[in-house]
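Reproduced below: protein-v6.txt, with compact mmCIF, C-alpha atoms.
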# COMPACT_ATOMS: atom_id res chain seq x y z
CA MET A 345 61.19 57.67 63.74
CA SER A 346 57.71 58.24 65.16
CA GLY A 347 54.16 56.98 64.85
CA PHE A 348 52.43 54.38 66.99
CA VAL A 349 54.23 53.05 70.04
CA GLU A 350 51.75 50.15 69.93
CA LYS A 351 49.46 50.12 66.89
CA PRO A 352 46.01 48.74 67.75
CA GLU A 353 44.27 46.08 65.73
CA PRO A 354 41.01 47.27 64.13
CA GLN A 355 37.73 45.93 65.49
CA GLN A 356 35.95 43.46 63.25
CA VAL A 357 32.28 44.48 62.96
CA PRO A 358 29.81 42.78 60.60
CA GLY A 359 28.87 45.05 57.71
CA LEU A 360 31.77 47.45 58.28
CA VAL A 361 35.00 47.63 56.29
CA HIS A 362 38.00 49.06 58.15
CA LEU A 363 39.57 51.90 56.15
CA HIS A 364 42.15 53.58 58.35
CA THR A 365 43.61 53.73 61.84
CA GLY A 366 44.53 57.34 62.60
CA LYS A 367 46.22 58.94 65.59
CA VAL A 368 42.91 59.10 67.44
CA ARG A 369 40.11 57.95 65.11
CA ASP A 370 39.36 54.65 63.42
CA LEU A 371 37.50 54.90 60.13
CA TYR A 372 35.16 52.31 58.65
CA ARG A 373 32.70 52.22 55.75
CA ASN A 374 29.24 50.75 56.15
CA GLU A 375 27.21 48.93 53.52
CA ALA A 376 25.44 52.18 52.55
CA GLY A 377 28.81 53.74 51.70
CA ASP A 378 28.78 56.11 54.68
CA LEU A 379 31.82 56.76 56.83
CA VAL A 380 31.77 55.39 60.38
CA MET A 381 34.15 57.41 62.55
CA VAL A 382 35.09 56.08 65.99
CA ALA A 383 37.04 58.34 68.37
CA SER A 384 39.37 56.26 70.56
CA ASP A 385 40.95 57.27 73.86
CA ARG A 386 44.39 57.37 72.23
CA MET A 387 46.59 60.37 72.96
CA SER A 388 49.13 61.75 70.48
CA ALA A 389 51.98 64.14 71.19
CA TYR A 390 55.10 65.14 69.29
CA ASP A 391 54.03 62.97 66.33
CA TRP A 392 53.82 59.86 68.51
CA VAL A 393 50.66 57.99 69.46
CA LEU A 394 51.34 57.28 73.12
CA PRO A 395 50.96 53.83 74.69
CA THR A 396 48.66 55.13 77.46
CA PRO A 397 45.02 56.02 76.72
CA ILE A 398 43.08 58.80 78.46
CA PRO A 399 39.75 57.34 79.66
CA ASP A 400 36.65 58.98 78.11
CA LYS A 401 38.74 61.17 75.82
CA GLY A 402 37.09 59.87 72.64
CA ARG A 403 33.63 60.46 74.04
CA VAL A 404 34.52 64.00 75.11
CA LEU A 405 35.86 64.77 71.62
CA THR A 406 32.76 63.32 69.95
CA GLN A 407 30.18 64.97 72.21
CA LEU A 408 31.95 68.34 72.11
CA SER A 409 32.17 68.18 68.30
CA LEU A 410 28.44 67.45 68.12
CA TRP A 411 27.71 70.44 70.38
CA TRP A 412 29.83 72.72 68.20
CA PHE A 413 28.29 71.40 64.98
CA ASP A 414 24.92 72.51 66.40
CA GLN A 415 26.27 75.98 67.26
CA LEU A 416 27.62 76.38 63.72
CA ALA A 417 24.76 74.80 61.75
CA ASP A 418 23.52 78.11 60.32
CA LEU A 419 27.04 79.08 59.29
CA VAL A 420 28.39 75.95 57.63
CA PRO A 421 26.97 72.43 57.02
CA ASN A 422 28.78 69.39 58.40
CA HIS A 423 29.23 65.71 57.64
CA VAL A 424 27.26 64.12 60.51
CA LEU A 425 24.38 61.86 59.47
CA SER A 426 23.68 59.93 62.68
CA THR A 427 24.99 59.03 66.13
CA GLU A 428 23.26 55.64 66.10
CA LEU A 429 25.53 52.75 66.94
CA PRO A 430 26.03 50.34 63.98
CA PRO A 431 24.48 46.89 64.51
CA GLY A 432 26.99 44.53 66.07
CA ALA A 433 29.37 47.28 67.14
CA PRO A 434 31.15 46.94 70.50
CA ALA A 435 29.33 48.54 73.44
CA ASP A 436 32.42 50.70 74.03
CA TRP A 437 31.67 52.54 70.76
CA GLN A 438 28.64 54.18 72.38
CA GLY A 439 29.06 57.95 72.61
CA ARG A 440 32.21 57.98 70.49
CA THR A 441 30.82 56.99 67.07
CA LEU A 442 29.53 59.15 64.24
CA ILE A 443 27.97 58.03 60.96
CA CYS A 444 29.09 60.62 58.43
CA LYS A 445 28.86 61.55 54.79
CA SER A 446 31.80 60.26 52.80
CA LEU A 447 33.51 63.44 51.57
CA ARG A 448 36.29 64.21 49.13
CA MET A 449 38.57 65.71 51.76
CA VAL A 450 40.64 68.77 50.93
CA PRO A 451 44.34 67.97 51.50
CA VAL A 452 44.93 71.09 53.61
CA GLU A 453 44.56 71.65 57.35
CA CYS A 454 42.65 74.91 57.79
CA VAL A 455 44.15 76.70 60.79
CA ALA A 456 42.80 79.91 62.28
CA ARG A 457 44.87 81.84 64.79
CA GLY A 458 43.64 84.66 66.98
CA TYR A 459 46.59 84.60 69.36
CA LEU A 460 50.31 84.05 68.94
CA THR A 461 51.70 80.78 70.29
CA GLY A 462 53.08 77.41 69.21
CA SER A 463 54.67 77.12 65.78
CA GLY A 464 53.33 80.57 64.90
CA LEU A 465 55.36 82.09 67.73
CA VAL A 466 58.51 80.30 66.56
CA GLU A 467 58.13 81.71 63.05
CA TYR A 468 57.21 85.16 64.34
CA ASN A 469 60.33 85.32 66.51
CA ALA A 470 62.46 84.45 63.50
CA SER A 471 60.85 86.62 60.81
CA ARG A 472 57.89 88.65 62.22
CA THR A 473 55.62 86.54 60.00
CA VAL A 474 53.30 83.54 60.40
CA CYS A 475 52.85 81.43 57.26
CA GLY A 476 54.26 84.39 55.33
CA LEU A 477 51.76 86.90 56.78
CA ALA A 478 53.51 89.96 58.23
CA LEU A 479 52.65 90.80 61.84
CA PRO A 480 53.48 93.93 63.87
CA GLU A 481 56.48 94.25 66.16
CA GLY A 482 56.16 93.77 69.89
CA LEU A 483 54.06 90.61 70.05
CA THR A 484 54.94 87.90 72.53
CA ASP A 485 53.81 84.44 73.61
CA GLY A 486 50.04 84.65 74.11
CA SER A 487 49.52 88.05 72.45
CA GLU A 488 46.18 88.61 70.76
CA LEU A 489 46.67 89.27 67.06
CA PRO A 490 45.31 92.48 65.48
CA ALA A 491 42.83 90.27 63.61
CA PRO A 492 42.47 86.47 63.22
CA ILE A 493 44.58 84.98 60.45
CA PHE A 494 44.22 81.92 58.20
CA THR A 495 47.40 79.84 58.27
CA PRO A 496 47.02 76.59 56.31
CA ALA A 497 49.12 73.48 56.80
CA THR A 498 49.70 70.36 54.77
CA LYS A 499 48.23 67.15 56.19
CA ALA A 500 50.74 64.58 57.41
CA GLU A 501 50.64 60.82 57.77
CA VAL A 502 50.72 59.26 61.24
CA GLY A 503 54.22 59.87 62.60
CA GLU A 504 54.85 62.87 60.37
CA HIS A 505 54.42 66.53 61.29
CA ASP A 506 51.94 68.86 59.62
CA GLU A 507 53.84 71.61 57.82
CA ASN A 508 52.71 75.23 57.82
CA VAL A 509 52.46 76.66 54.31
CA SER A 510 51.61 80.03 52.82
CA TYR A 511 48.16 80.82 51.48
CA GLU A 512 49.71 80.93 48.01
CA GLU A 513 51.03 77.39 48.39
CA ALA A 514 47.63 76.17 49.60
CA ALA A 515 46.00 77.83 46.59
CA ARG A 516 48.51 76.12 44.31
CA GLN A 517 47.55 72.75 45.81
CA VAL A 518 43.76 73.08 45.83
CA GLY A 519 43.04 75.94 43.41
CA GLU A 520 42.47 79.64 44.02
CA GLU A 521 38.67 79.42 44.27
CA THR A 522 38.74 76.58 46.79
CA ALA A 523 41.50 78.22 48.83
CA ALA A 524 39.56 81.48 49.04
CA GLU A 525 36.44 79.65 50.21
CA LEU A 526 38.45 77.67 52.77
CA ARG A 527 39.89 80.90 54.17
CA ARG A 528 36.47 82.57 54.31
CA MET A 529 34.80 79.61 56.03
CA THR A 530 37.68 79.03 58.43
CA LEU A 531 37.72 82.61 59.66
CA ALA A 532 33.91 82.77 59.86
CA VAL A 533 33.73 79.61 61.98
CA TYR A 534 36.64 80.72 64.15
CA GLY A 535 34.99 84.09 64.75
CA ARG A 536 31.70 82.49 65.82
CA ALA A 537 33.44 79.97 68.07
CA ARG A 538 35.77 82.57 69.61
CA ASP A 539 32.78 84.69 70.63
CA ILE A 540 30.86 81.72 72.06
CA ALA A 541 33.92 80.58 74.03
CA ARG A 542 34.61 84.11 75.28
CA GLU A 543 31.09 84.31 76.74
CA ARG A 544 31.99 81.23 78.79
CA GLY A 545 35.30 82.59 80.08
CA VAL A 546 37.42 80.65 77.60
CA ILE A 547 39.87 82.00 75.02
CA LEU A 548 40.03 80.11 71.73
CA ALA A 549 43.63 80.85 70.84
CA ASP A 550 43.77 78.83 67.63
CA THR A 551 42.10 75.87 66.00
CA LYS A 552 42.22 73.69 62.91
CA PHE A 553 39.38 72.50 60.72
CA GLU A 554 39.08 69.94 57.96
CA PHE A 555 36.76 70.49 55.03
CA GLY A 556 35.62 68.17 52.28
CA PHE A 557 33.43 68.28 49.20
CA ASP A 558 29.91 66.90 49.41
CA GLY A 559 29.20 67.05 45.69
CA GLU A 560 30.25 70.60 44.81
CA ALA A 561 29.73 72.04 48.31
CA LEU A 562 32.48 72.44 50.90
CA ILE A 563 31.37 71.25 54.34
CA LEU A 564 32.96 70.68 57.74
CA GLY A 565 34.32 67.20 58.42
CA ASP A 566 36.29 65.29 61.04
CA GLU A 567 36.17 66.84 64.54
CA VAL A 568 35.61 70.48 65.34
CA LEU A 569 36.76 72.79 68.15
CA THR A 570 37.92 70.09 70.57
CA PRO A 571 40.93 70.14 72.92
CA ASP A 572 42.72 67.93 70.36
CA SER A 573 42.28 70.41 67.51
CA SER A 574 42.29 73.70 69.41
CA ARG A 575 44.05 75.66 72.11
CA PHE A 576 41.62 76.72 74.83
CA TRP A 577 42.85 79.02 77.62
CA PRO A 578 41.05 80.21 80.77
CA ALA A 579 40.34 83.88 80.05
CA ALA A 580 40.74 84.93 83.70
CA GLU A 581 44.35 83.72 83.70
CA TRP A 582 45.40 85.09 80.30
CA GLU A 583 48.66 86.98 80.59
CA PRO A 584 50.81 87.47 77.46
CA GLY A 585 54.53 87.02 77.83
CA HIS A 586 54.68 83.32 78.66
CA ALA A 587 52.94 80.01 77.96
CA GLN A 588 49.29 80.06 79.04
CA PRO A 589 47.49 77.42 81.14
CA SER A 590 45.28 75.41 78.81
CA PHE A 591 42.52 72.82 78.52
CA ASP A 592 44.27 70.46 76.16
CA LYS A 593 47.14 68.01 75.81
CA GLN A 594 49.77 70.56 76.93
CA TYR A 595 49.90 68.86 80.31
CA VAL A 596 51.04 65.66 78.58
CA ARG A 597 53.56 67.52 76.42
CA ASN A 598 55.04 69.22 79.48
CA TRP A 599 55.47 65.91 81.30
CA LEU A 600 57.03 64.20 78.27
CA THR A 601 59.64 66.94 77.83
CA GLY A 602 60.22 67.37 81.58
CA PRO A 603 62.83 65.59 83.71
CA GLU A 604 60.39 63.06 85.22
CA SER A 605 59.73 61.22 81.96
CA GLY A 606 63.38 60.54 81.18
CA TRP A 607 62.50 60.79 77.48
CA ASP A 608 64.68 62.58 74.94
CA ARG A 609 62.37 64.05 72.31
CA GLY A 610 65.27 64.26 69.87
CA SER A 611 66.04 60.57 70.09
CA GLU A 612 64.44 57.80 68.06
CA GLN A 613 63.17 56.10 71.20
CA PRO A 614 59.39 55.96 71.66
CA PRO A 615 57.95 57.96 74.57
CA PRO A 616 57.24 56.14 77.85
CA ALA A 617 53.88 55.23 79.35
CA LEU A 618 52.13 58.06 81.18
CA PRO A 619 51.91 57.86 84.98
CA GLN A 620 48.44 57.71 86.53
CA GLN A 621 48.54 61.28 87.84
CA VAL A 622 49.20 62.61 84.33
CA VAL A 623 46.36 60.47 82.93
CA ASP A 624 43.95 61.70 85.61
CA ALA A 625 44.93 65.35 85.23
CA THR A 626 44.65 65.21 81.44
CA ARG A 627 41.22 63.57 81.60
CA ALA A 628 40.13 66.32 84.00
CA LYS A 629 41.36 69.01 81.57
CA TYR A 630 39.34 67.55 78.68
CA ILE A 631 36.21 67.26 80.80
CA GLU A 632 36.62 70.79 82.14
CA ALA A 633 36.84 72.10 78.58
CA TYR A 634 33.62 70.26 77.71
CA GLU A 635 31.78 71.51 80.79
CA ARG A 636 32.94 75.11 80.52
CA LEU A 637 32.00 75.39 76.86
CA THR A 638 28.71 73.49 76.84
CA GLY A 639 27.50 74.35 80.33
CA VAL A 640 26.58 70.66 80.70
CA SER A 641 27.97 68.44 83.47
CA TRP A 642 29.91 65.45 82.16
Since I need it in another form, could you write the structure as structure tokens?
Amino acid sequence: MSGFVEKPEPQQVPGLVHLHTGKVRDLYRNEAGDLVMVASDRMSAYDWVLPTPIPDKGRVLTQLSLWWFDQLADLVPNHVLSTELPPGAPADWQGRTLICKSLRMVPVECVARGYLTGSGLVEYNASRTVCGLALPEGLTDGSELPAPIFTPATKAEVGEHDENVSYEEAARQVGEETAAELRRMTLAVYGRARDIARERGVILADTKFEFGFDGEALILGDEVLTPDSSRFWPAAEWEPGHAQPSFDKQYVRNWLTGPESGWDRGSEQPPPALPQQVVDATRAKYIEAYERLTGVSW
């Protein structure tokens, strides 16, 4: 069992129809048929949406996504139409709301990996492959790959885990032409973002994108290159051979699986509330990622 520890009730806003409550984002449709995407302060880990929010997290995700969309505008179009707050929306939506094109989303998570870690490391240790792609011997946790790789995953419902699949399986699901374009765009965007991050002393180890069709054109949707969708490491501290320090939710994961939480990840019990020091440290990690990448003080 997993999912929401406490599922929130959607906000009722005149002129908006609630469509979906996700792990982090709430989706609405306005009267023009556009998507209204609101990034909450919810934190998810190990397929659970935790009961404790991280203050400002949704705003950090939204503002960092907007910054990245600008950096990538010449490379790939995106779904953002406006950042204007819908009439009658709660004041708390300010800074965390995007009005977006309503896309036909591709049912594949587009993951790019430049370094070996996470589920890729687990597969590599078992078979010297990641999503069926053969990799050389001698790599370890945190190793830079010979070249970035495209490793798709199937999208999961809240409480379920995304499943890594081979490129061939992704092509079977979405068609060869679409799969090839997803791979090309994913690796192009990753390459641009990796170079931008590197200039700022940050390693972009891996990231996931979501694409959708705007008419016949594939464009970027959802969030992009945030600490929720990416692994960012401080370049000065990079040292392959062990887990790297990071600007993301790893701090929360470590506490949940450590002795202080008292939580058994393998049980069906929901995870406990986060203590204040974990909340504060996680918020600081997200803000540091924003400030390092954008060069703008939060």
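A straight line drawn from CA of Gly610 in chain A to CA of Gly347 in chain A is 14.2 Å long.
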Show me the residues close to (60.1, 63.3, 82.5) - anything with an atom within 12 Å, counting all atoms listed in the file - and format the list as JSON, numbers by chain. {"A": [595, 596, 597, 598, 599, 600, 601, 602, 603, 604, 605, 606, 607, 608, 609, 615, 616, 617, 618, 619, 622]}
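Rounded to one decimal, CA of Pro496 in chain A and CA of Glu520 in chain A lie 13.5 Å from each other.
The smallest atom-to-atom distance between Thr396 in chain A and any of A:Leu442, A:Ala561, A:Val349, A:Leu408, using all atoms listed in the file, is found for A:Val349.
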Shell of 8 Å around range 446-458 of chain A, all atoms listed in the file, local chain residues under 3 positions omitted, as a PyMOL selection string: chain A and resi 377-379+423+488-489+491-499+514+518+526-527+530-531+534+548-558+565
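The spacing separating CA of Ser510 in chain A from CA of Tyr459 in chain A amounts to 17.9 Å.
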Residues within 9 Å of Gly402 in chain A, only C-alpha atoms, excluding chain neighbours under 3 positions, as an MDAnalysis selection string: chainID A and resid 368:369 382:386 398:399 405:407 439:441
Can you pull out the residues contacting range 465-467 of chain A? Cut-off 10 Å, using all atoms listed in the file, and skip same-chain residues under 3 positions away; I want them as an NGL selection string. :A and (459-462 or 470-476 or 483-487 or 508)
Once 5 Å is added on each side, what are the centre and the three edge lengths, in Å to one decimal, of the axis-aligned box enclosing the listed atoms of range 370-383 of chain A? Present them as JSON.
{"center_x": 32.4, "center_y": 53.6, "center_z": 60.0, "size_x": 23.9, "size_y": 19.4, "size_z": 26.7}
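The nearest approach to Arg544 in chain A among the residues A:Tyr511, A:Tyr468, A:Trp411, A:Tyr634, with all atoms listed in the file taken into account, belongs to A:Tyr634.
Residues surrounding Leu416 in chain A within 9 Å are Asn422, Val533, Arg536 and Ala537 of chain A [all atoms listed in the file; sequence separation below 6 positions excluded].
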Near Ser590 in chain A, counting all atoms listed in the file, which residues have an atom at most 9 Å away, once you skip same-chain residues fewer than 4 positions from it, shown as number ranges by chain? A: 575-578, 594-595, 629
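Distance annotation: of A:Ala541, A:Glu567, A:Pro490, A:Phe348, the residue with the minimal separation from Met381 in chain A is A:Glu567; atom set is all atoms listed in the file.
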Which protein, DNA or RNA residues have an atom at most 12 Å from (51.4, 49.6, 66.0), counting only C-alpha atoms? List them as an MDAnalysis selection string. chainID A and resid 346:354 365:367 392:395 502:503 614
For each of A:Val404, A:Ala376, A:Val357, A:Ala587, take the minimum atom-to-atom distance to Lys445 in chain A, counting all atoms listed in the file, then give the residue where this is smallest. A:Ala376
Can you patch up range 433-444 of chain A, filling it in to all heavy atoms, and show the result as a compact mmCIF listing (two decimals), in the coordinates of the input?
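Generated file (rebuild.txt):
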# COMPACT_ATOMS: atom_id res chain seq x y z
N ALA A 433 28.19 46.55 66.69
CA ALA A 433 29.37 47.28 67.14
C ALA A 433 29.61 47.04 68.63
O ALA A 433 28.67 46.78 69.39
CB ALA A 433 29.19 48.77 66.88
N PRO A 434 30.87 47.12 69.07
CA PRO A 434 31.15 46.94 70.50
C PRO A 434 30.42 47.99 71.34
O PRO A 434 30.24 49.13 70.91
CB PRO A 434 32.67 47.13 70.58
CG PRO A 434 33.18 46.94 69.20
CD PRO A 434 32.08 47.36 68.29
N ALA A 435 30.03 47.61 72.56
CA ALA A 435 29.33 48.54 73.44
C ALA A 435 30.19 49.77 73.73
O ALA A 435 29.66 50.87 73.94
CB ALA A 435 28.95 47.82 74.74
N ASP A 436 31.52 49.59 73.73
CA ASP A 436 32.42 50.70 74.03
C ASP A 436 32.37 51.80 72.98
O ASP A 436 32.84 52.91 73.21
CB ASP A 436 33.86 50.19 74.17
CG ASP A 436 34.83 51.28 74.59
OD1 ASP A 436 34.61 51.88 75.65
OD2 ASP A 436 35.79 51.55 73.84
N TRP A 437 31.79 51.51 71.80
CA TRP A 437 31.67 52.54 70.76
C TRP A 437 30.58 53.57 71.08
O TRP A 437 30.53 54.62 70.46
CB TRP A 437 31.36 51.89 69.42
CG TRP A 437 32.55 51.27 68.75
CD1 TRP A 437 33.74 50.93 69.32
CD2 TRP A 437 32.65 50.93 67.36
NE1 TRP A 437 34.57 50.37 68.38
CE2 TRP A 437 33.94 50.37 67.17
CE3 TRP A 437 31.79 51.01 66.28
CZ2 TRP A 437 34.37 49.91 65.93
CZ3 TRP A 437 32.21 50.56 65.05
CH2 TRP A 437 33.49 50.02 64.87
N GLN A 438 29.73 53.27 72.04
CA GLN A 438 28.64 54.18 72.38
C GLN A 438 29.19 55.53 72.82
O GLN A 438 30.09 55.61 73.65
CB GLN A 438 27.79 53.58 73.51
CG GLN A 438 26.52 54.35 73.81
CD GLN A 438 25.51 54.24 72.66
OE1 GLN A 438 25.21 53.13 72.21
NE2 GLN A 438 25.00 55.36 72.20
N GLY A 439 28.65 56.60 72.22
CA GLY A 439 29.06 57.95 72.61
C GLY A 439 30.31 58.45 71.91
O GLY A 439 30.67 59.62 72.05
N ARG A 440 30.97 57.57 71.15
CA ARG A 440 32.21 57.98 70.49
C ARG A 440 32.16 57.72 68.98
O ARG A 440 33.18 57.80 68.30
CB ARG A 440 33.42 57.27 71.11
CG ARG A 440 33.39 55.76 71.01
CD ARG A 440 34.69 55.12 71.51
NE ARG A 440 34.76 55.01 72.94
CZ ARG A 440 35.68 55.61 73.71
NH1 ARG A 440 36.61 56.36 73.15
NH2 ARG A 440 35.70 55.45 75.01
N THR A 441 30.97 57.40 68.47
CA THR A 441 30.82 56.99 67.07
C THR A 441 29.91 57.94 66.31
O THR A 441 28.84 58.30 66.79
CB THR A 441 30.26 55.55 66.99
OG1 THR A 441 31.13 54.67 67.71
CG2 THR A 441 30.14 55.09 65.55
N LEU A 442 30.33 58.33 65.13
CA LEU A 442 29.53 59.15 64.24
C LEU A 442 29.39 58.46 62.88
O LEU A 442 30.39 57.95 62.34
CB LEU A 442 30.17 60.53 64.02
CG LEU A 442 30.35 61.43 65.24
CD1 LEU A 442 31.07 62.72 64.85
CD2 LEU A 442 29.02 61.74 65.90
N ILE A 443 28.19 58.45 62.35
CA ILE A 443 27.97 58.03 60.96
C ILE A 443 27.97 59.31 60.13
O ILE A 443 27.21 60.24 60.40
CB ILE A 443 26.62 57.30 60.78
CG1 ILE A 443 26.44 56.24 61.88
CG2 ILE A 443 26.54 56.68 59.39
CD1 ILE A 443 27.49 55.18 61.93
N CYS A 444 28.84 59.36 59.14
CA CYS A 444 29.09 60.62 58.43
C CYS A 444 29.01 60.44 56.92
O CYS A 444 29.20 59.34 56.40
CB CYS A 444 30.49 61.14 58.77
SG CYS A 444 30.78 61.37 60.53
